[in-house]
Amino acid sequence: MIQLGLFYIAATITIASSLLAITRHNASHALIYLIVSLLGSAIVFYVLGAPFAAVLEVLIYAGAIMVLFVFVIMMLNLGAAGIKNEQLWLKPGMWIVPSLLCLALLAEILYLLNSSSQALSGAVIGPKAVGIELFGPYVLAVEIASMLLLAGLVGAYHLGRRYLLDMRGESI
Amino acid sequence: MAEFVSLIPLMPLIGFLVLVCTLGKLPRLWVGLVGAGSIAIAFLLVVLTGLEYLGQPEPTPYTVDVYTWMQLEGFTTNISFLIDGLSLTMLSVITGVGFLIHVYSALFMWEDRDYSRFFSYMNLFVAAMLLLVLADNLLVLFVGWEGVGLCSYLLVGFWHEERANGAAARKAFVVTRIGDTAMALGMFLLFIHLGTLDMQAMARQASELWLPGDMVVTIACLLLVGGAVGKSAQLPLQTWLPDAMAGPTPVSALIHAATMVTAGVYLIARNHELFLLAPTALLTVAVIGAVTLLMAAFAAMTQTDIKRILAYSTISQIGYMFLALGVGAWSAAIFHLMTHAFFKALLFLGAGAVIYSLHHEHNIFRMGGLRSKLPVAFWSFMIGSAALAALPLTSGFYSKDLILLATYDQAPFGGWLLAAGMLGALLTAIYSFRLVFIVFFGEAKTEPEAPAGRLMALPLIILSVLALVGGTIAVPVEAVFPAAVEADHSGWMPIIIAGVPILGVLLAYFMYLKPVIPITLFTESALGKQLIAFWYSHWAMDWIYDQLVVKPYCAIAALNRKDIIDWFYNGIASVLRQAHQVSITSQSGQLRTYVAVVAAGLVLTIAVFLGILLP
Amino acid sequence: MSAALTIPMEHGLLLAAILFSIGLLGVMVRRNIIFILMSLEIMLNACAMVFIIAGAHWGQPDGQIMFMLILSVAAAEVAVGLGLLLQVFRRFDSLDIDKANRMRG
């Protein structure tokens, strides 16, 4: 019972903070709302019986990836000019067509979901089970994921270099 | 000897290839040796073949199969060469006179920048002409026909940096092309009915298939005549020959006097069996010959350019050959062809010597008194003009005598044709000696340089000898043609025929050298001026063709400037371009637009899969 | 934990769908590249949630493993994406994505 209530509360928080995140003018505010949204997702995962996933969500998604965002926003240091830009760019009329599209998409998914009704098992799957599964049948996926991260690392390093020269030979 | 026959057209062809492949980098002496030497070897081979052929007790024509060209269902063509009296005669004329002209032009063209190109074209021309006369069937003949047409274009437009020369070459090519089309149509017609283009086989089958006067064979023969008049510069396709004098003088001598323009005569003579089945066509040939010879003779009397006089004279003499063919005097026509080659080449080469010494002066009224300064040229002109005018005991006399006597025997129209021939002979004598008297007698208007060297004098001397004694050569064509009626040498006719040219020479003497006869009464009068202008413009034929053919064609071409056919293709292109303009607006480069389109596509696809939206 | 009143799967999927469309909305509307990247993160999170729900439905850890892989993909993508953002900022002197439209026809 409590889980059910917890699920709906966490779901509401997630949706609300996501909505707020995409509508803010200030980038830092939007980022904080996004972090709240991710924390809400973590609670949802925990309620669904995936504690390991919930912890990973907080640690890595909210703790590392969002921190990257923070670094970049702080580095760019847009300040008041950035907020004014956002006010210029975000006009109310711009929301109409995208909202219609997203509502259409939601309607279709609702239509799909109406047809079936299945229950979740509710069993809690702990880290041990995940670990056995991960380093057993899915060990290849682990290796590939590590190579992917290596590629991401190299790409990010190269793209972030300050002293790249552009076509005219001037440094950027 | 049969295996050497295929070498005869091959030698000039090899000369051509050598000169082409060396890209003009050979030294001048080598070029001359290759160019003239290949013709010399061909001439040698012709002489050997001829000696062997005529040495037989009963000379029988034979064919040499060189190559199987096409083997199709119901149609087989070989490249094969026919040796008989007619082809031997033509071969000797082409290679012999051709060799002399090549030797002459080795010196005449010595300073020209494109020496190698000249000889390569000349060799190609001789090769094509030899192919034409050796051909066993009409298809190979047509190959040679087209080849000589091409070389005529290339050689007339040899100095192509001058626009006028290019225009003259183009005119020659286009006008003969009209004739070639007629000839091709004639060939098609003959093939449809006879199933073969082998000339001897055609002759046999035609006499079995058709009665004389049949419509089909008449039309086919008239079409062949259309081709012949184009190549031989007769009415109505003779306008190209005077303008073709824009080419170098040896070219005029070889192509437009001795060889190419005789191709039409050869064509008709070779297919005489077909023509005998179409008397209407033969009559047409005779009438064309008579009318052309008169028109050209009148025109020649008014010309001032030395080469144009000779050009009109050529048209006139070929008119005589056509006249002879039309009345059935085949051997006479070929005999006149041979003698004409001698004296016309002589005249042209002599004219070349005069032009060369006077720094390319062409107007005869600016020449004069060259008798003592250019002796070789003077005597070659005297002998050549005597032969042209058919003064007694020259070669021209014998051949023209035969033609006019044959015409006399012919009925109907024989009287008219004979009158035309006689008037033409009179006029020929007048204009040829007009030329001699104005150029070589009187006072000098332009001072000549030293006369040209031995290489130019030697061919002139040899040709002079041939022009004098060539009348005694027995041309071995008697066996080829049906037996002609023996010319009647009794009565007044031969004396009149012999006397007419002498009368003409006397008239020219008294008109131009000692102006006793007041021709100025005629030339200065209003009627006289108009007539002279009319004859000068070759009976206004150029003007007529300009109005009838050229102007309408140019008008239509100007109308079609935008090219109506292209409208369809340009339309497709412009429709595509507009569609591109429309569709390119979707490539805005805006990322968010792309995302929106992807999202919309996603919505639609899911709707289709769910069955909400039918595809 | 008792399994008395378990959460219906449709509700979980509906939550994920709503989050996905919110992320899509953000990508379509915002012009600032940082916001676009953030909206992409929301969408990825929604996809990961679907996998967790599926894993919970079947009672197997495979869902969580897939979630971890998606997480590493998101991490790599964010790193590279932010590097690109820095380059765009250096070249166009602004974070407006409409400025980067040279690939138009």
# chains A, B, ... in the order shown; residues from 1 in each chain; ligands from 1
>>> residues_around(residues="Gln87 (chain A)", least_positions_apart="2", cutoff="12 Å", atoms="only C-alpha atoms", output="ChimeraX atom specification")
/A:23-27,80-85,89-92 /C:30-32
>>> write_last_selection(atoms="C-alpha atoms", output="short mmCIF file (atom, residue, chain, number, x, y, z; two decimals), in the first residue's frame")
data_model
loop_
_atom_site.label_atom_id
_atom_site.label_comp_id
_atom_site.auth_asym_id
_atom_site.auth_seq_id
_atom_site.Cartn_x
_atom_site.Cartn_y
_atom_site.Cartn_z
CA THR A 23 10.60 25.65 -19.01
CA ARG A 24 13.10 27.63 -16.96
CA HIS A 25 15.05 30.58 -18.26
CA ASN A 26 18.00 30.09 -15.98
CA ALA A 27 20.13 27.12 -16.89
CA ALA A 80 22.32 37.76 -17.05
CA ALA A 81 22.90 37.91 -20.80
CA GLY A 82 22.07 34.25 -21.05
CA ILE A 83 18.83 34.64 -19.15
CA LYS A 84 17.78 37.55 -21.35
CA ASN A 85 18.48 35.43 -24.42
CA TRP A 89 13.86 32.86 -27.48
CA LEU A 90 11.06 31.30 -25.50
CA LYS A 91 7.86 32.77 -26.77
CA PRO A 92 4.54 31.19 -25.68
CA ARG C 30 14.35 25.09 -26.55
CA ARG C 31 17.04 26.90 -28.50
CA ASN C 32 19.82 26.72 -25.98
#
>>> closest_atom_pairs(of="chain A", to="chain B", cutoff="12 Å", atoms="only C-alpha atoms", output="CSV")
residue,atom,partner,partner_atom,distance
A:Met94,CA,B:Arg592,CA,11.5
A:Trp95,CA,B:Ala596,CA,11.9
A:Val97,CA,B:Ala596,CA,8.9
A:Pro98,CA,B:Ala596,CA,7.1
A:Ser99,CA,B:Ala596,CA,10.6
A:Leu100,CA,B:Ala600,CA,9.8
A:Leu101,CA,B:Ala600,CA,6.5
A:Cys102,CA,B:Ala599,CA,8.1
A:Leu103,CA,B:Val603,CA,9.9
A:Ala104,CA,B:Val603,CA,6.9
A:Leu105,CA,B:Val603,CA,5.6
A:Leu106,CA,B:Val603,CA,9.3
A:Ala107,CA,B:Val603,CA,9.7
A:Glu108,CA,B:Ala607,CA,7.0
A:Ile109,CA,B:Ile606,CA,9.0
A:Leu110,CA,B:Leu610,CA,11.6
A:Tyr111,CA,B:Leu610,CA,8.8
A:Leu112,CA,B:Leu610,CA,7.9
A:Leu113,CA,B:Leu610,CA,11.7
A:Ser115,CA,B:Leu610,CA,11.4
>>> write_last_selection(atoms="all heavy atoms", output="compact mmCIF listing (two decimals), in the first residue's frame")
# COMPACT_ATOMS: atom_id res chain seq x y z
N MET A 94 5.51 29.36 -29.28
CA MET A 94 6.35 28.27 -29.78
C MET A 94 5.96 26.93 -29.22
O MET A 94 6.40 25.91 -29.72
CB MET A 94 7.79 28.55 -29.42
CG MET A 94 8.35 29.69 -30.22
SD MET A 94 10.06 29.94 -29.87
CE MET A 94 10.69 28.33 -30.01
N TRP A 95 5.20 26.94 -28.14
CA TRP A 95 4.90 25.67 -27.47
C TRP A 95 3.78 24.90 -28.12
O TRP A 95 3.57 23.73 -27.86
CB TRP A 95 4.51 25.95 -26.00
CG TRP A 95 5.66 26.43 -25.20
CD1 TRP A 95 6.02 27.71 -24.97
CD2 TRP A 95 6.57 25.60 -24.49
NE1 TRP A 95 7.13 27.74 -24.16
CE2 TRP A 95 7.48 26.45 -23.85
CE3 TRP A 95 6.72 24.23 -24.31
CZ2 TRP A 95 8.52 26.00 -23.07
CZ3 TRP A 95 7.77 23.78 -23.52
CH2 TRP A 95 8.66 24.66 -22.91
N VAL A 97 2.74 23.84 -31.33
CA VAL A 97 2.87 22.68 -32.22
C VAL A 97 3.61 21.54 -31.57
O VAL A 97 3.15 20.39 -31.64
CB VAL A 97 3.56 23.12 -33.54
CG1 VAL A 97 3.87 21.93 -34.39
CG2 VAL A 97 2.67 24.09 -34.29
N PRO A 98 4.74 21.80 -30.87
CA PRO A 98 5.39 20.65 -30.22
C PRO A 98 4.50 19.96 -29.21
O PRO A 98 4.50 18.73 -29.09
CB PRO A 98 6.62 21.28 -29.57
CG PRO A 98 6.90 22.49 -30.34
CD PRO A 98 5.57 23.00 -30.74
N SER A 99 3.71 20.79 -28.46
CA SER A 99 2.82 20.17 -27.47
C SER A 99 1.80 19.28 -28.15
O SER A 99 1.49 18.18 -27.67
CB SER A 99 2.08 21.26 -26.68
OG SER A 99 2.97 22.25 -26.29
N LEU A 100 1.31 19.74 -29.28
CA LEU A 100 0.34 18.92 -29.99
C LEU A 100 0.94 17.59 -30.39
O LEU A 100 0.32 16.53 -30.22
CB LEU A 100 -0.16 19.67 -31.23
CG LEU A 100 -1.22 20.73 -30.95
CD1 LEU A 100 -1.53 21.50 -32.22
CD2 LEU A 100 -2.48 20.07 -30.43
N LEU A 101 2.17 17.66 -30.90
CA LEU A 101 2.82 16.41 -31.32
C LEU A 101 2.98 15.46 -30.14
O LEU A 101 2.70 14.26 -30.23
CB LEU A 101 4.19 16.74 -31.92
CG LEU A 101 4.19 17.13 -33.39
CD1 LEU A 101 5.57 17.57 -33.81
CD2 LEU A 101 3.75 15.97 -34.25
N CYS A 102 3.46 16.03 -29.01
CA CYS A 102 3.70 15.15 -27.86
C CYS A 102 2.40 14.59 -27.30
O CYS A 102 2.34 13.43 -26.88
CB CYS A 102 4.45 15.93 -26.79
SG CYS A 102 6.08 16.39 -27.36
N LEU A 103 1.36 15.42 -27.35
CA LEU A 103 0.07 14.92 -26.88
C LEU A 103 -0.43 13.81 -27.78
O LEU A 103 -1.01 12.81 -27.29
CB LEU A 103 -0.94 16.06 -26.82
CG LEU A 103 -0.77 16.95 -25.59
CD1 LEU A 103 -1.69 18.15 -25.68
CD2 LEU A 103 -1.08 16.18 -24.31
N ALA A 104 -0.19 13.95 -29.08
CA ALA A 104 -0.61 12.89 -30.00
C ALA A 104 0.12 11.60 -29.69
O ALA A 104 -0.47 10.51 -29.67
CB ALA A 104 -0.34 13.34 -31.45
N LEU A 105 1.43 11.76 -29.44
CA LEU A 105 2.23 10.57 -29.11
C LEU A 105 1.70 9.90 -27.84
O LEU A 105 1.50 8.68 -27.77
CB LEU A 105 3.68 11.02 -28.91
CG LEU A 105 4.73 9.93 -28.96
CD1 LEU A 105 4.70 9.22 -30.30
CD2 LEU A 105 6.10 10.54 -28.74
N LEU A 106 1.42 10.71 -26.83
CA LEU A 106 0.88 10.18 -25.58
C LEU A 106 -0.45 9.48 -25.78
O LEU A 106 -0.70 8.41 -25.21
CB LEU A 106 0.70 11.32 -24.58
CG LEU A 106 1.86 11.55 -23.64
CD1 LEU A 106 1.57 12.71 -22.73
CD2 LEU A 106 2.12 10.30 -22.81
N ALA A 107 -1.28 10.09 -26.63
CA ALA A 107 -2.60 9.48 -26.88
C ALA A 107 -2.44 8.11 -27.48
O ALA A 107 -3.14 7.15 -27.10
CB ALA A 107 -3.40 10.41 -27.80
N GLU A 108 -1.49 8.00 -28.40
CA GLU A 108 -1.29 6.69 -29.02
C GLU A 108 -0.84 5.66 -28.00
O GLU A 108 -1.29 4.51 -27.99
CB GLU A 108 -0.27 6.82 -30.15
CG GLU A 108 -0.86 7.41 -31.40
CD GLU A 108 0.21 7.76 -32.41
OE1 GLU A 108 1.40 7.74 -32.04
OE2 GLU A 108 -0.15 8.06 -33.55
N ILE A 109 0.08 6.10 -27.12
CA ILE A 109 0.58 5.15 -26.13
C ILE A 109 -0.54 4.75 -25.16
O ILE A 109 -0.65 3.58 -24.77
CB ILE A 109 1.80 5.73 -25.40
CG1 ILE A 109 2.92 5.94 -26.43
CG2 ILE A 109 2.23 4.84 -24.27
CD1 ILE A 109 4.22 6.35 -25.82
N LEU A 110 -1.38 5.72 -24.83
CA LEU A 110 -2.52 5.40 -23.98
C LEU A 110 -3.41 4.36 -24.63
O LEU A 110 -3.85 3.39 -23.99
CB LEU A 110 -3.35 6.68 -23.74
CG LEU A 110 -3.02 7.45 -22.48
CD1 LEU A 110 -3.79 8.75 -22.46
CD2 LEU A 110 -3.36 6.63 -21.24
N TYR A 111 -3.64 4.56 -25.91
CA TYR A 111 -4.47 3.62 -26.65
C TYR A 111 -3.87 2.23 -26.60
O TYR A 111 -4.55 1.22 -26.43
CB TYR A 111 -4.58 4.13 -28.10
CG TYR A 111 -5.29 3.19 -29.04
CD1 TYR A 111 -6.68 3.12 -29.05
CD2 TYR A 111 -4.58 2.38 -29.92
CE1 TYR A 111 -7.33 2.27 -29.92
CE2 TYR A 111 -5.24 1.52 -30.77
CZ TYR A 111 -6.60 1.47 -30.80
OH TYR A 111 -7.26 0.63 -31.65
N LEU A 112 -2.52 2.18 -26.73
CA LEU A 112 -1.84 0.89 -26.66
C LEU A 112 -2.00 0.25 -25.28
O LEU A 112 -2.26 -0.94 -25.15
CB LEU A 112 -0.35 1.08 -26.94
CG LEU A 112 0.17 0.68 -28.33
CD1 LEU A 112 1.64 1.01 -28.41
CD2 LEU A 112 -0.05 -0.79 -28.57
N LEU A 113 -1.78 1.09 -24.29
CA LEU A 113 -1.75 0.53 -22.93
C LEU A 113 -3.12 0.09 -22.46
O LEU A 113 -3.23 -0.75 -21.56
CB LEU A 113 -1.18 1.56 -21.96
CG LEU A 113 0.31 1.86 -22.17
CD1 LEU A 113 0.74 2.99 -21.25
CD2 LEU A 113 1.13 0.63 -21.88
N SER A 115 -5.18 -1.69 -23.93
CA SER A 115 -5.58 -3.02 -24.39
C SER A 115 -5.15 -4.11 -23.42
O SER A 115 -5.82 -5.13 -23.30
CB SER A 115 -5.01 -3.28 -25.79
OG SER A 115 -3.87 -2.51 -25.98
>>> interface_residues(of="chain C", to="chain B", cutoff="7 Å", atoms="only C-alpha atoms", output="list of chain:residue names")
C:Met28, C:Asp98, C:Asn101, C:Arg102, C:Met103, C:Arg104, C:Gly105
>>> residues_around(residues="region 105-115 of chain B", least_positions_apart="6", cutoff="8 Å", atoms="only C-alpha atoms", output="PDB file with N, CA, C and O atoms, in the first residue's frame")
ATOM      1  N   GLY B  24      53.946  15.158 -89.136  1.00  0.00           N
ATOM      2  CA  GLY B  24      54.547  16.325 -89.745  1.00  0.00           C
ATOM      3  C   GLY B  24      55.962  16.618 -89.283  1.00  0.00           C
ATOM      4  O   GLY B  24      56.497  17.679 -89.540  1.00  0.00           O
ATOM      5  N   ARG B  28      61.419  17.714 -94.966  1.00  0.00           N
ATOM      6  CA  ARG B  28      60.660  17.963 -96.189  1.00  0.00           C
ATOM      7  C   ARG B  28      61.016  16.983 -97.293  1.00  0.00           C
ATOM      8  O   ARG B  28      60.148  16.516 -98.025  1.00  0.00           O
ATOM      9  N   VAL B  31      59.302  13.735 -96.800  1.00  0.00           N
ATOM     10  CA  VAL B  31      57.859  13.825 -97.041  1.00  0.00           C
ATOM     11  C   VAL B  31      57.587  13.743 -98.534  1.00  0.00           C
ATOM     12  O   VAL B  31      56.722  13.012 -98.993  1.00  0.00           O
ATOM     13  N   GLY B  32      58.387  14.505 -99.292  1.00  0.00           N
ATOM     14  CA  GLY B  32      58.198  14.478-100.740  1.00  0.00           C
ATOM     15  C   GLY B  32      58.450  13.092-101.302  1.00  0.00           C
ATOM     16  O   GLY B  32      57.706  12.603-102.161  1.00  0.00           O
ATOM     17  N   ALA B  36      55.389  11.269-103.127  1.00  0.00           N
ATOM     18  CA  ALA B  36      55.435  10.975-104.553  1.00  0.00           C
ATOM     19  C   ALA B  36      55.837   9.534-104.806  1.00  0.00           C
ATOM     20  O   ALA B  36      55.411   8.922-105.783  1.00  0.00           O
ATOM     21  N   PRO B 250      48.090  22.479-107.501  1.00  0.00           N
ATOM     22  CA  PRO B 250      48.187  21.041-107.783  1.00  0.00           C
ATOM     23  C   PRO B 250      46.909  20.301-107.425  1.00  0.00           C
ATOM     24  O   PRO B 250      46.545  19.323-108.071  1.00  0.00           O
ATOM     25  N   TYR B 356      52.889  31.094-109.550  1.00  0.00           N
ATOM     26  CA  TYR B 356      54.043  31.010-108.664  1.00  0.00           C
ATOM     27  C   TYR B 356      55.057  32.096-108.978  1.00  0.00           C
ATOM     28  O   TYR B 356      55.623  32.740-108.099  1.00  0.00           O
ATOM     29  N   GLY B 453      61.923  25.830-110.961  1.00  0.00           N
ATOM     30  CA  GLY B 453      63.009  24.906-111.252  1.00  0.00           C
ATOM     31  C   GLY B 453      62.604  23.700-112.058  1.00  0.00           C
ATOM     32  O   GLY B 453      61.505  23.592-112.582  1.00  0.00           O
ATOM     33  N   LEU B 455      62.037  20.583-111.202  1.00  0.00           N
ATOM     34  CA  LEU B 455      60.980  19.687-110.738  1.00  0.00           C
ATOM     35  C   LEU B 455      59.619  20.130-111.239  1.00  0.00           C
ATOM     36  O   LEU B 455      58.727  19.322-111.416  1.00  0.00           O
ATOM     37  N   MET B 456      59.459  21.432-111.429  1.00  0.00           N
ATOM     38  CA  MET B 456      58.185  21.878-111.948  1.00  0.00           C
ATOM     39  C   MET B 456      58.168  21.794-113.451  1.00  0.00           C
ATOM     40  O   MET B 456      57.120  21.580-114.053  1.00  0.00           O
TER      41      MET B 456
END
>>> closest_residue(among="A:Met74, A:Ala141, A:Leu4, A:Ile35", to="Ile7 (chain C)", atoms="only C-alpha atoms")
A:Leu4
>>> closest_atom_pairs(of="chain A", to="chain C", cutoff="6 Å", atoms="only C-alpha atoms", output="Markdown table")
| residue | atom | partner | partner_atom | distance |
| --- | --- | --- | --- | --- |
| A:Ile22 | CA | C:Gly26 | CA | 5.5 |
| A:Pro98 | CA | C:Leu25 | CA | 5.9 |
| A:Cys102 | CA | C:Ser21 | CA | 5.4 |
| A:Leu113 | CA | C:Glu10 | CA | 6.0 |
| A:Gln118 | CA | C:Met9 | CA | 5.8 |
| A:Ala119 | CA | C:Pro8 | CA | 4.8 |
| A:Leu120 | CA | C:His57 | CA | 4.4 |
| A:Ser121 | CA | C:His57 | CA | 5.4 |
| A:Gly122 | CA | C:Ala3 | CA | 5.6 |
| A:Val130 | CA | C:Pro61 | CA | 5.2 |
| A:Leu149 | CA | C:Ala76 | CA | 5.6 |
| A:Gly152 | CA | C:Ala76 | CA | 4.7 |
| A:Gly155 | CA | C:Val80 | CA | 6.0 |
| A:Ala156 | CA | C:Val80 | CA | 4.6 |
| A:Leu159 | CA | C:Gly83 | CA | 5.0 |
| A:Gly160 | CA | C:Gly83 | CA | 4.9 |
>>> select_by_dssp(residues="chain C", states="alpha helix (DSSP H)", output="MDAnalysis selection string")
chainID C and resid 9:29 33:58 62:92
>>> closest_residue(among="A:Gly136, A:Gly63, A:Gly126, A:Gly79", to="Leu38 (chain A)", atoms="only C-alpha atoms")
A:Gly63
>>> atom_distance(atom1="CA of Phe43 (chain B)", atom2="CA of Leu349 (chain B)")
19.9 Å
>>> residues_around(residues="Thr12 (chain A)", least_positions_apart="2", cutoff="12 Å", atoms="only C-alpha atoms", output="number ranges by chain")
A: 5-10, 14-19, 36-37, 40-41, 43-44; C: 11-12, 14-16, 18-19
>>> atom_distance(atom1="CA of Ala42 (chain B)", atom2="CA of Met11 (chain B)")
6.1 Å
>>> decode(residues="region 68-93 of chain C", atoms="N, CA and C atoms", output="JSON list (two decimals), in the first residue's frame")
[["chain", "number", "residue", "atom", "x", "y", "z"],
["C", 68, "MET", "N", 21.99, -0.35, -16.71],
["C", 68, "MET", "CA", 23.37, 0.07, -16.52],
["C", 68, "MET", "C", 24.05, 0.38, -17.85],
["C", 69, "LEU", "N", 23.72, -0.39, -18.85],
["C", 69, "LEU", "CA", 24.34, -0.11, -20.15],
["C", 69, "LEU", "C", 23.84, 1.21, -20.70],
["C", 70, "ILE", "N", 22.55, 1.44, -20.55],
["C", 70, "ILE", "CA", 22.02, 2.72, -21.01],
["C", 70, "ILE", "C", 22.68, 3.85, -20.25],
["C", 71, "LEU", "N", 22.94, 3.62, -19.00],
["C", 71, "LEU", "CA", 23.59, 4.65, -18.19],
["C", 71, "LEU", "C", 24.97, 4.98, -18.72],
["C", 72, "SER", "N", 25.73, 3.93, -19.07],
["C", 72, "SER", "CA", 27.08, 4.21, -19.60],
["C", 72, "SER", "C", 26.99, 4.91, -20.95],
["C", 73, "VAL", "N", 26.03, 4.53, -21.77],
["C", 73, "VAL", "CA", 25.83, 5.23, -23.05],
["C", 73, "VAL", "C", 25.51, 6.68, -22.80],
["C", 74, "ALA", "N", 24.64, 6.95, -21.83],
["C", 74, "ALA", "CA", 24.28, 8.34, -21.55],
["C", 74, "ALA", "C", 25.49, 9.12, -21.10],
["C", 75, "ALA", "N", 26.31, 8.47, -20.28],
["C", 75, "ALA", "CA", 27.51, 9.16, -19.80],
["C", 75, "ALA", "C", 28.43, 9.53, -20.94],
["C", 76, "ALA", "N", 28.70, 8.56, -21.80],
["C", 76, "ALA", "CA", 29.58, 8.85, -22.94],
["C", 76, "ALA", "C", 28.98, 9.93, -23.81],
["C", 77, "GLU", "N", 27.71, 9.84, -24.05],
["C", 77, "GLU", "CA", 27.06, 10.81, -24.92],
["C", 77, "GLU", "C", 27.11, 12.21, -24.33],
["C", 78, "VAL", "N", 26.90, 12.31, -23.04],
["C", 78, "VAL", "CA", 26.96, 13.63, -22.42],
["C", 78, "VAL", "C", 28.36, 14.20, -22.53],
["C", 79, "ALA", "N", 29.35, 13.37, -22.29],
["C", 79, "ALA", "CA", 30.72, 13.87, -22.36],
["C", 79, "ALA", "C", 31.01, 14.43, -23.73],
["C", 80, "VAL", "N", 30.72, 13.64, -24.76],
["C", 80, "VAL", "CA", 31.01, 14.09, -26.12],
["C", 80, "VAL", "C", 30.13, 15.28, -26.46],
["C", 81, "GLY", "N", 28.85, 15.24, -26.05],
["C", 81, "GLY", "CA", 27.94, 16.33, -26.39],
["C", 81, "GLY", "C", 28.39, 17.64, -25.78],
["C", 82, "LEU", "N", 28.88, 17.60, -24.56],
["C", 82, "LEU", "CA", 29.34, 18.84, -23.94],
["C", 82, "LEU", "C", 30.62, 19.34, -24.61],
["C", 83, "GLY", "N", 31.47, 18.41, -25.03],
["C", 83, "GLY", "CA", 32.63, 18.84, -25.80],
["C", 83, "GLY", "C", 32.22, 19.55, -27.07],
["C", 84, "LEU", "N", 31.22, 19.00, -27.77],
["C", 84, "LEU", "CA", 30.72, 19.65, -28.98],
["C", 84, "LEU", "C", 30.14, 21.01, -28.65],
["C", 85, "LEU", "N", 29.45, 21.07, -27.52],
["C", 85, "LEU", "CA", 28.87, 22.34, -27.11],
["C", 85, "LEU", "C", 29.94, 23.39, -26.94],
["C", 86, "LEU", "N", 31.06, 23.00, -26.34],
["C", 86, "LEU", "CA", 32.15, 23.96, -26.17],
["C", 86, "LEU", "C", 32.68, 24.43, -27.52],
["C", 87, "GLN", "N", 32.81, 23.52, -28.47],
["C", 87, "GLN", "CA", 33.29, 23.90, -29.80],
["C", 87, "GLN", "C", 32.32, 24.85, -30.47],
["C", 88, "VAL", "N", 31.02, 24.53, -30.38],
["C", 88, "VAL", "CA", 30.01, 25.41, -30.98],
["C", 88, "VAL", "C", 30.10, 26.79, -30.35],
["C", 89, "PHE", "N", 30.27, 26.82, -29.05],
["C", 89, "PHE", "CA", 30.34, 28.11, -28.37],
["C", 89, "PHE", "C", 31.54, 28.90, -28.84],
["C", 90, "ARG", "N", 32.65, 28.19, -29.05],
["C", 90, "ARG", "CA", 33.85, 28.89, -29.50],
["C", 90, "ARG", "C", 33.68, 29.42, -30.91],
["C", 91, "ARG", "N", 33.01, 28.65, -31.76],
["C", 91, "ARG", "CA", 32.95, 29.08, -33.15],
["C", 91, "ARG", "C", 31.86, 30.11, -33.39],
["C", 92, "PHE", "N", 30.69, 29.91, -32.80],
["C", 92, "PHE", "CA", 29.58, 30.81, -33.12],
["C", 92, "PHE", "C", 29.38, 31.88, -32.06],
["C", 93, "ASP", "N", 30.11, 31.80, -30.96],
["C", 93, "ASP", "CA", 30.05, 32.78, -29.89],
["C", 93, "ASP", "C", 28.65, 32.88, -29.26]]
